[in-house]
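Report on one structure; see the data block that follows.
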Amino acid sequence: MTKKIIRIIWIGFAAGFIGFILFIWGVSVNFLGLFGELPDFKALENPQSELASELYSADGVLLGNYFRENRSPVTYNELSPNLVKALVATEDVRFEEHSGIDLQSMGRVLFKSLILRQSAGGGSTLSQQTAKNLFKTRNLESQGVLSRVPGLRMLVIKTKEWIVAAKLERSYTKNEILTMYLNTSEFGSNAYGIKTASKTFFNKSPNELNVQESATLVGLFKAPTYYSPVFNPENSLRRRNTVLYQMEKYDFISKSERDSLVQLPIELDYKVENQNQGLATYFREALKADLIKWTKENLKPDGTSYDLFGDGLRIFTTIDSRMQRYAEEAVAEHMKELQKKFEAEMGSRDPWIDNTGRVIPNFLQTAVKRTEAYRNLVRRYGADSDSINIKLEEKKRMKVFSWEKGEIDTLMSTMDSLRHYKKHLQTGFMSMDPHTGHIKAWVGGVNHKHFKYDHVKQGRRQPGSTFKPFVYAAAIENGYSPCYTVIDQPIEVNIPGQPSWTPKNADGKFSYEKMTIRRAMAQSINSVTAYMMKKLSPRVVVETAHRIGITSDLEEVPALALGTSDVSIYELVGAMGTFVNKGEHIVPFYIDRIEDKNGNVLQQFTPKKKPAMSEEHAYLMLYMMRGGFEESRGTSQGVPWALRDEGNELGGKTGTTQNASDGWYMGMSKDLVSGVWVGGDDRAIHFRSWISGQGGQTARPIWVKYMAKVYADQSLGITKGPFPRPERPLSIEIDCDRYEMESNRFSDFDFDPRRDDF
């Protein structure tokens, strides 16, 4: 009887062993599709996980990421030893001894769970957990028919993880597996991988983590939300101390070290990375559209499209992080004070006013219909429903932007918040190296989280007097000297098929003085610019502006001389750069190259260049632009002498549209061309006083602050000095005394203000 029982036991054991072997084999080959697919050997050799694409500045600073899962990989050498010790002590103390499956640990779990009915913790090794992270072994996509059988699903999953873990151990070193685990794990707070987690919770690199910080992050593996140091700090502290006890238990730290560390609080430097934070937020968002287009137009070697949000691309831009920071500081410093001034002038009155200075009725009711909130309500309730207005006036908790108090947590309705935001002035700023076309700084607005619209490239507004240089560029190209003289007096321009045009000067007065066109541009005299437009014709001016770099449609009318056609900062800066770049136009340029995750260059970008005007004419336009600083009552005379000393030559042009809806300033040095716009999101929103709203007051101070910061940073290599003069002698005289003596041409007007025969 005993022998029979023993035989049965042996048969049962043998059958069980053979059955187990067959089961393992069946899972590994997915027999009859019962178990679900396993990753093939190629996938094991090249495991894939979503990697954030990284955006770098020209000076090597990480500007931001594009991601679905915010993950950037690190190597083992980039890990803190404290982190490695905390991980091994807590998750797999026998990591160095097993080959992917820890039979001792499995036996302990089975004994405690099945016999003692106690919680035994997990028996999974780091290799198994890495397999789970990499190949999503628990997703529905990897399940077979038997996964629907109660009790079998987890056995199949565990078996798959054993198989994959064993294969990983044969393909990778222990250090590589441990690094893969840390790179593929989720830490909560939209942090995937140890590099992002270290940055998110402690603003550190993984190699900078101390013992207690390492223990805090390792503690998150058990349950990222429940043990979050941000949302559940007591749970996190308790879990961190458990990790520290494990480290002491396995001799990674001493008892005295553990005792002192458990007394410390968790000190966070917490910031969840998103597109509203960090440097160049508007630039990063504007660039994203270009990058998505690039991924659709360029294919991988296997014929599939690149994925900006998962392929770990590395995009290197022309932005300089230092200059970008100076630009953002200049914008914030000036716009905060300008907003105060605007609100003081506004008082309790609404700033949306018509040409007569009266508040526009139903302005907000019209504006709200252009919002996504309104469109959602129409979809929900119907276009004519009373519920729309009720919901628009319904108070709810929200955070709104303010300069004085930062982000305010308050109760507001949609209409309240619209009123609040419409009262804020906006701005756009761009700075470019004119010799390379490289954009060095890009600020699209005052706060990307609350104002998404980009005013650098997306926005187009009337440039006002900043368009005048293109009129004078056409004049220079047609043989006029900067010394050519015109009288400042009323002029009427008549073109067949168009209404007559008689512009006024900004102050509504005419001096009846004879002045050079250089001084006229420096003082922004409308009558002289209109006269030159009449001499040249709108068609010639439009052709000149387009050739030099303006890409927007320009209306061929006399009033174009005063900047009535909308343009962007982006194209204005690019066009003005033609003057500094000796007449060669370079399309403003902001992507240097794109690499794959392994550092292979996928595309090296080159700027688009074309000859646009002669070197002599370009230099003469620089001489004209310098007039704002050098001529009496020039509109750049208010620029501090600290920027103009040491023999520095600068060019500049202010611009202000009717009713001061738009304030502009274009500034240039031998190394940089920059443009600024300031105004309301709607043209009806502006200072009531034209003096307060003119470009010299609203826009120019941003350029001044920016250039002061740039010149102060010697590491940038941006220096003061003159604009380079052409090697060949100028064929057009710019010494006005000599011009008057040698020229047989005189002003088209004499000094009699009563003449009206033009």
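Just remember, in the structure tokens the first chain shown is A, the second B, etc., residues are 1-based per chain, and ligands are 1-based in the order shown.
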Would you tabulate, counting only C-alpha atoms, all residues of stretch 446-521 of chain A that have an atom at most 6 Å from an atom of stretch 536-557 of chain A, showing the closest pair of atoms and their distance in Å to one decimal, sorted by chain then ascending number, as CSV?
```
residue,atom,partner,partner_atom,distance
A:Phe470,CA,A:Ala545,CA,5.6
A:Val471,CA,A:Val541,CA,5.6
A:Ala474,CA,A:Val541,CA,5.8
```
Please identify the strand (DSSP E or B) residues within stretch 441-673 of chain A (assignment by DSSP from backbone atoms) and present them as a ChimeraX atom specification. /A:441-443,461,485-487,493,501,514-516,567,584-586,589,591-595,601-604,609-611,651-656,662-668,673
Output N, CA and C atoms of each residue in that selection to a file, as a CSV table (one decimal), in the first residue's frame.
```csv
chain,number,residue,atom,x,y,z
A,441,ALA,N,16.0,84.9,-29.5
A,441,ALA,CA,15.0,85.1,-28.4
A,441,ALA,C,13.6,85.3,-29.1
A,442,TRP,N,12.6,84.7,-28.4
A,442,TRP,CA,11.2,84.7,-28.9
A,442,TRP,C,10.3,84.8,-27.8
A,443,VAL,N,9.6,85.9,-27.6
A,443,VAL,CA,8.6,86.0,-26.5
A,443,VAL,C,7.3,86.3,-27.1
A,461,ARG,N,-0.3,92.7,-37.2
A,461,ARG,CA,-1.0,94.0,-36.9
A,461,ARG,C,-0.4,95.1,-37.8
A,485,THR,N,16.2,116.7,-49.8
A,485,THR,CA,15.4,117.5,-48.9
A,485,THR,C,14.0,117.7,-49.4
A,486,VAL,N,13.0,117.7,-48.5
A,486,VAL,CA,11.6,117.9,-48.7
A,486,VAL,C,11.1,118.8,-47.6
A,487,ILE,N,10.1,119.6,-48.0
A,487,ILE,CA,9.4,120.5,-47.0
A,487,ILE,C,8.3,119.7,-46.3
A,493,VAL,N,-2.3,113.2,-52.2
A,493,VAL,CA,-1.9,112.1,-53.2
A,493,VAL,C,-3.2,111.6,-53.9
A,501,TRP,N,-5.8,111.2,-50.8
A,501,TRP,CA,-5.3,111.0,-49.5
A,501,TRP,C,-4.4,112.1,-49.0
A,514,LYS,N,12.3,122.8,-44.4
A,514,LYS,CA,12.9,121.9,-45.3
A,514,LYS,C,13.8,121.0,-44.5
A,515,MET,N,13.7,119.7,-44.8
A,515,MET,CA,14.5,118.7,-44.0
A,515,MET,C,14.9,117.6,-44.9
A,516,THR,N,16.0,116.9,-44.6
A,516,THR,CA,16.5,115.8,-45.3
A,516,THR,C,15.6,114.6,-45.0
A,567,VAL,N,1.3,93.1,-40.7
A,567,VAL,CA,2.5,92.3,-40.8
A,567,VAL,C,2.8,91.7,-39.4
A,584,GLU,N,21.7,91.0,-48.2
A,584,GLU,CA,21.2,89.7,-48.4
A,584,GLU,C,20.1,89.4,-47.4
A,585,HIS,N,19.0,88.9,-47.9
A,585,HIS,CA,17.9,88.6,-47.0
A,585,HIS,C,18.0,87.1,-46.6
A,586,ILE,N,17.9,86.8,-45.3
A,586,ILE,CA,17.8,85.5,-44.7
A,586,ILE,C,16.5,85.3,-44.0
A,589,PHE,N,15.3,82.0,-38.9
A,589,PHE,CA,15.6,80.6,-38.9
A,589,PHE,C,15.8,80.1,-37.4
A,591,ILE,N,15.5,76.2,-36.4
A,591,ILE,CA,15.8,74.9,-36.1
A,591,ILE,C,17.2,74.6,-36.7
A,592,ASP,N,18.2,74.2,-35.9
A,592,ASP,CA,19.5,73.9,-36.5
A,592,ASP,C,19.5,72.4,-37.0
A,593,ARG,N,19.1,71.5,-36.2
A,593,ARG,CA,19.2,70.1,-36.6
A,593,ARG,C,18.2,69.2,-35.8
A,594,ILE,N,17.9,68.1,-36.3
A,594,ILE,CA,17.1,67.1,-35.6
A,594,ILE,C,17.9,65.8,-35.5
A,595,GLU,N,18.0,65.2,-34.4
A,595,GLU,CA,18.7,63.9,-34.2
A,595,GLU,C,17.7,62.9,-33.7
A,601,VAL,N,22.1,62.2,-36.8
A,601,VAL,CA,21.5,63.4,-37.4
A,601,VAL,C,20.5,63.0,-38.5
A,602,LEU,N,19.2,63.4,-38.3
A,602,LEU,CA,18.2,63.0,-39.2
A,602,LEU,C,18.1,64.1,-40.3
A,603,GLN,N,18.3,65.4,-39.9
A,603,GLN,CA,18.3,66.5,-40.8
A,603,GLN,C,19.0,67.7,-40.3
A,604,GLN,N,19.9,68.2,-41.1
A,604,GLN,CA,20.6,69.5,-40.8
A,604,GLN,C,19.9,70.6,-41.6
A,609,LYS,N,18.5,81.9,-48.2
A,609,LYS,CA,19.1,83.2,-48.4
A,609,LYS,C,18.8,83.7,-49.9
A,610,LYS,N,18.8,85.0,-50.1
A,610,LYS,CA,18.7,85.5,-51.4
A,610,LYS,C,19.2,87.0,-51.4
A,611,PRO,N,19.9,87.4,-52.5
A,611,PRO,CA,20.3,88.8,-52.6
A,611,PRO,C,19.0,89.7,-52.8
A,651,GLY,N,20.6,101.5,-34.8
A,651,GLY,CA,19.5,102.0,-35.7
A,651,GLY,C,18.1,101.6,-35.0
A,652,GLY,N,17.2,102.5,-35.2
A,652,GLY,CA,15.9,102.2,-34.6
A,652,GLY,C,14.7,102.9,-35.3
A,653,LYS,N,13.5,102.4,-35.1
A,653,LYS,CA,12.4,103.0,-35.7
A,653,LYS,C,11.2,102.7,-34.8
A,654,THR,N,10.5,103.7,-34.3
A,654,THR,CA,9.2,103.6,-33.6
A,654,THR,C,8.1,103.5,-34.6
A,655,GLY,N,7.0,103.0,-34.0
A,655,GLY,CA,5.7,102.9,-34.8
A,655,GLY,C,4.5,103.0,-33.9
A,656,THR,N,3.5,103.8,-34.3
A,656,THR,CA,2.3,103.9,-33.6
A,656,THR,C,1.2,104.0,-34.5
A,662,ASP,N,-1.6,100.1,-31.6
A,662,ASP,CA,-0.4,99.3,-31.8
A,662,ASP,C,0.8,100.2,-31.5
A,663,GLY,N,1.7,99.7,-30.6
A,663,GLY,CA,3.0,100.4,-30.4
A,663,GLY,C,4.1,99.5,-30.9
A,664,TRP,N,5.1,100.0,-31.6
A,664,TRP,CA,6.1,99.2,-32.2
A,664,TRP,C,7.5,99.8,-31.9
A,665,TYR,N,8.5,98.9,-31.9
A,665,TYR,CA,9.9,99.4,-32.0
A,665,TYR,C,10.7,98.4,-32.6
A,666,MET,N,11.5,98.8,-33.6
A,666,MET,CA,12.5,98.0,-34.3
A,666,MET,C,13.9,98.6,-34.0
A,667,GLY,N,14.7,97.7,-33.4
A,667,GLY,CA,16.0,98.2,-33.0
A,667,GLY,C,17.1,97.3,-33.6
A,668,MET,N,18.2,97.9,-34.0
A,668,MET,CA,19.3,97.1,-34.6
A,668,MET,C,20.7,97.6,-34.2
A,673,VAL,N,19.2,92.2,-34.6
A,673,VAL,CA,18.0,93.0,-35.0
A,673,VAL,C,16.9,92.4,-34.2
```
For A:Glu407, find every residue with an atom within 12 Å (counting only C-alpha atoms), except residues of its own chain fewer than 5 positions away, and show them as an MDAnalysis selection string. chainID A and resid 398:402 447 449:450
Serialized selection, N, CA and C atoms, as a PDB file, in the first residue's frame:
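File produced: part_10.pdb:
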```pdb
ATOM      1  N   MET A 398     -11.717  79.379 -10.334  1.00  0.00           N
ATOM      2  CA  MET A 398     -10.718  79.399 -11.396  1.00  0.00           C
ATOM      3  C   MET A 398      -9.498  80.185 -10.941  1.00  0.00           C
ATOM      4  N   LYS A 399      -8.392  79.962 -11.630  1.00  0.00           N
ATOM      5  CA  LYS A 399      -7.171  80.712 -11.385  1.00  0.00           C
ATOM      6  C   LYS A 399      -6.951  81.660 -12.545  1.00  0.00           C
ATOM      7  N   VAL A 400      -6.767  82.944 -12.229  1.00  0.00           N
ATOM      8  CA  VAL A 400      -6.582  83.945 -13.274  1.00  0.00           C
ATOM      9  C   VAL A 400      -5.244  84.653 -13.093  1.00  0.00           C
ATOM     10  N   PHE A 401      -4.744  85.183 -14.182  1.00  0.00           N
ATOM     11  CA  PHE A 401      -3.438  85.850 -14.199  1.00  0.00           C
ATOM     12  C   PHE A 401      -3.541  87.269 -13.671  1.00  0.00           C
ATOM     13  N   SER A 402      -2.513  87.687 -12.929  1.00  0.00           N
ATOM     14  CA  SER A 402      -2.367  89.095 -12.571  1.00  0.00           C
ATOM     15  C   SER A 402      -0.882  89.388 -12.439  1.00  0.00           C
ATOM     16  N   ASN A 447       2.098  85.764 -20.770  1.00  0.00           N
ATOM     17  CA  ASN A 447       2.014  84.567 -19.930  1.00  0.00           C
ATOM     18  C   ASN A 447       1.348  83.461 -20.740  1.00  0.00           C
ATOM     19  N   LYS A 449       0.456  80.400 -20.064  1.00  0.00           N
ATOM     20  CA  LYS A 449      -0.607  79.604 -19.449  1.00  0.00           C
ATOM     21  C   LYS A 449      -1.964  80.253 -19.647  1.00  0.00           C
ATOM     22  N   HIS A 450      -2.009  81.562 -19.545  1.00  0.00           N
ATOM     23  CA  HIS A 450      -3.296  82.265 -19.581  1.00  0.00           C
ATOM     24  C   HIS A 450      -3.569  82.968 -20.910  1.00  0.00           C
TER      25      HIS A 450
END
```
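Checking A:His686, A:Lys336, A:Lys720, A:Arg626 one by one against A:Glu646, counting only C-alpha atoms, you find the shortest gap at A:Lys720.
Of note, atom CA of A:His448 and atom CA of A:Trp403 are spaced 13.5 Å apart.
Of note, atom CA of A:Leu308 and atom CA of A:Gly444 are spaced 22.5 Å apart.
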